[in-house]
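Structure record follows, encoded as structure tokens.
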Amino acid sequence: MATVKHQYLTKGTCSRLIEIEVENVVIKSVSFLGGCHGNLQGIASLVKGMRPEDVVDRLKGIRCGSKSTSCPDQLALALESIVGDR
């Protein structure tokens, strides 16, 4: 399977966009546009090499303060849409 690139417009977070590369059902890279740079670099580094389904299981539903979502939750939603596209 080839590398597939995805872009996801976030909703309700400081980050505005997530770019994701998936290769052979494994996350190759993640980058966020906007948001807390250091934290999002950390998240991107931690999920690299993981299966999208595993990341969804860990990150879905995480909230940021009083918001109903967070950057990790938005990443989970983005990955869910990718998994659903297969």
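Chain identifiers are assigned as A, B, and so on, following the order in which chains appear in the structure tokens; residues are numbered from 1 within each chain, and ligands are numbered from 1 in order of appearance.
Residues with any atom within 9 Å of Ser45 of chain A, counting only C-alpha atoms and excluding same-chain neighbours fewer than 4 positions away, are Ser29, Val30, Leu40, Gln41 and Gly49 of chain A.
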Take the residues that were just selected and, keeping N, CA and C atoms, output them as an mmCIF file, in the first residue's frame.
```
data_model
loop_
_atom_site.group_PDB
_atom_site.id
_atom_site.type_symbol
_atom_site.label_atom_id
_atom_site.label_comp_id
_atom_site.auth_asym_id
_atom_site.auth_seq_id
_atom_site.Cartn_x
_atom_site.Cartn_y
_atom_site.Cartn_z
ATOM 1 N N SER A 29 3.385 10.134 9.716
ATOM 2 C CA SER A 29 3.645 11.467 10.281
ATOM 3 C C SER A 29 2.336 12.182 10.558
ATOM 4 N N VAL A 30 2.395 13.116 11.506
ATOM 5 C CA VAL A 30 1.273 13.985 11.853
ATOM 6 C C VAL A 30 1.843 15.372 12.085
ATOM 7 N N LEU A 40 1.828 19.651 20.703
ATOM 8 C CA LEU A 40 1.389 18.967 19.486
ATOM 9 C C LEU A 40 2.531 18.226 18.803
ATOM 10 N N GLN A 41 3.748 18.751 18.929
ATOM 11 C CA GLN A 41 4.915 18.000 18.424
ATOM 12 C C GLN A 41 5.064 16.705 19.216
ATOM 13 N N GLY A 49 4.145 5.661 13.952
ATOM 14 C CA GLY A 49 4.390 4.219 14.000
ATOM 15 C C GLY A 49 3.228 3.416 14.563
#
```
10 Å contact set for Glu23 of chain A, only C-alpha atoms, chain neighbours under 6 positions out, as a list in words: Met1, Ala2, Thr3, Val4, Lys5, Ser29, Gly49 and Arg51 of chain A
Nearest residue to Leu46 of chain A from the set A:Ser66, A:Glu80, A:Pro72, A:Leu33 (distances using only C-alpha atoms): A:Pro72
Chain A: residues DSSP assigns to strand (DSSP E), reported as a PyMOL selection string: chain A and resi 3-9+15-23+26-34
Residues within 9 Å of Leu17 of chain A, only C-alpha atoms, excluding chain neighbours under 2 positions, as JSON, numbers by chain: {"A": [7, 8, 9, 10, 11, 15, 19, 31, 32, 33, 34]}
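Nearest to Thr69 of chain A of all the residues A:Gly84, A:Pro52, A:Gly12, A:Gly38 is A:Gly12, counting only C-alpha atoms.
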Nearby residues (only C-alpha atoms) at most 7 Å from Asp73 of chain A, same-chain spacing under 3 positions excluded, as an MDAnalysis selection string: chainID A and resid 59:62 69:70 76:77
Filtered DSSP result for chain A, state helix (DSSP H, G or I), as a PyMOL selection string: chain A and resi 37-47+52-59+71-85
Only C-alpha atoms, please: the residues just picked out, written as a CSV table (one decimal), in the first residue's frame.
```csv
chain,number,residue,atom,x,y,z
A,37,HIS,CA,3.4,23.8,19.3
A,38,GLY,CA,5.4,21.8,21.8
A,39,ASN,CA,2.5,19.7,23.0
A,40,LEU,CA,1.4,19.0,19.5
A,41,GLN,CA,4.9,18.0,18.4
A,42,GLY,CA,4.9,15.6,21.4
A,43,ILE,CA,1.6,14.1,20.4
A,44,ALA,CA,2.8,13.7,16.7
A,45,SER,CA,5.9,12.0,17.9
A,46,LEU,CA,4.1,9.6,20.2
A,47,VAL,CA,1.6,8.4,17.6
A,52,PRO,CA,-4.8,4.7,13.6
A,53,GLU,CA,-7.3,2.5,15.5
A,54,ASP,CA,-5.0,2.4,18.5
A,55,VAL,CA,-4.6,6.1,18.5
A,56,VAL,CA,-8.4,6.6,18.3
A,57,ASP,CA,-8.8,4.3,21.3
A,58,ARG,CA,-6.4,6.3,23.4
A,59,LEU,CA,-7.2,9.9,22.4
A,71,CYS,CA,-6.4,18.7,19.7
A,72,PRO,CA,-5.9,15.0,20.6
A,73,ASP,CA,-9.6,14.4,20.3
A,74,GLN,CA,-9.6,16.1,16.9
A,75,LEU,CA,-6.7,13.9,15.8
A,76,ALA,CA,-8.8,10.9,16.9
A,77,LEU,CA,-11.7,12.1,14.8
A,78,ALA,CA,-9.5,12.7,11.8
A,79,LEU,CA,-8.1,9.2,12.1
A,80,GLU,CA,-11.5,7.7,12.5
A,81,SER,CA,-12.5,9.2,9.2
A,82,ILE,CA,-9.4,7.7,7.6
A,83,VAL,CA,-10.2,4.3,9.0
A,84,GLY,CA,-13.7,4.6,7.8
A,85,ASP,CA,-12.5,5.4,4.3
```
Atom pair atom CA of Met50 of chain A / atom CA of Asn24 of chain A: separation (Å): 10.8 Å
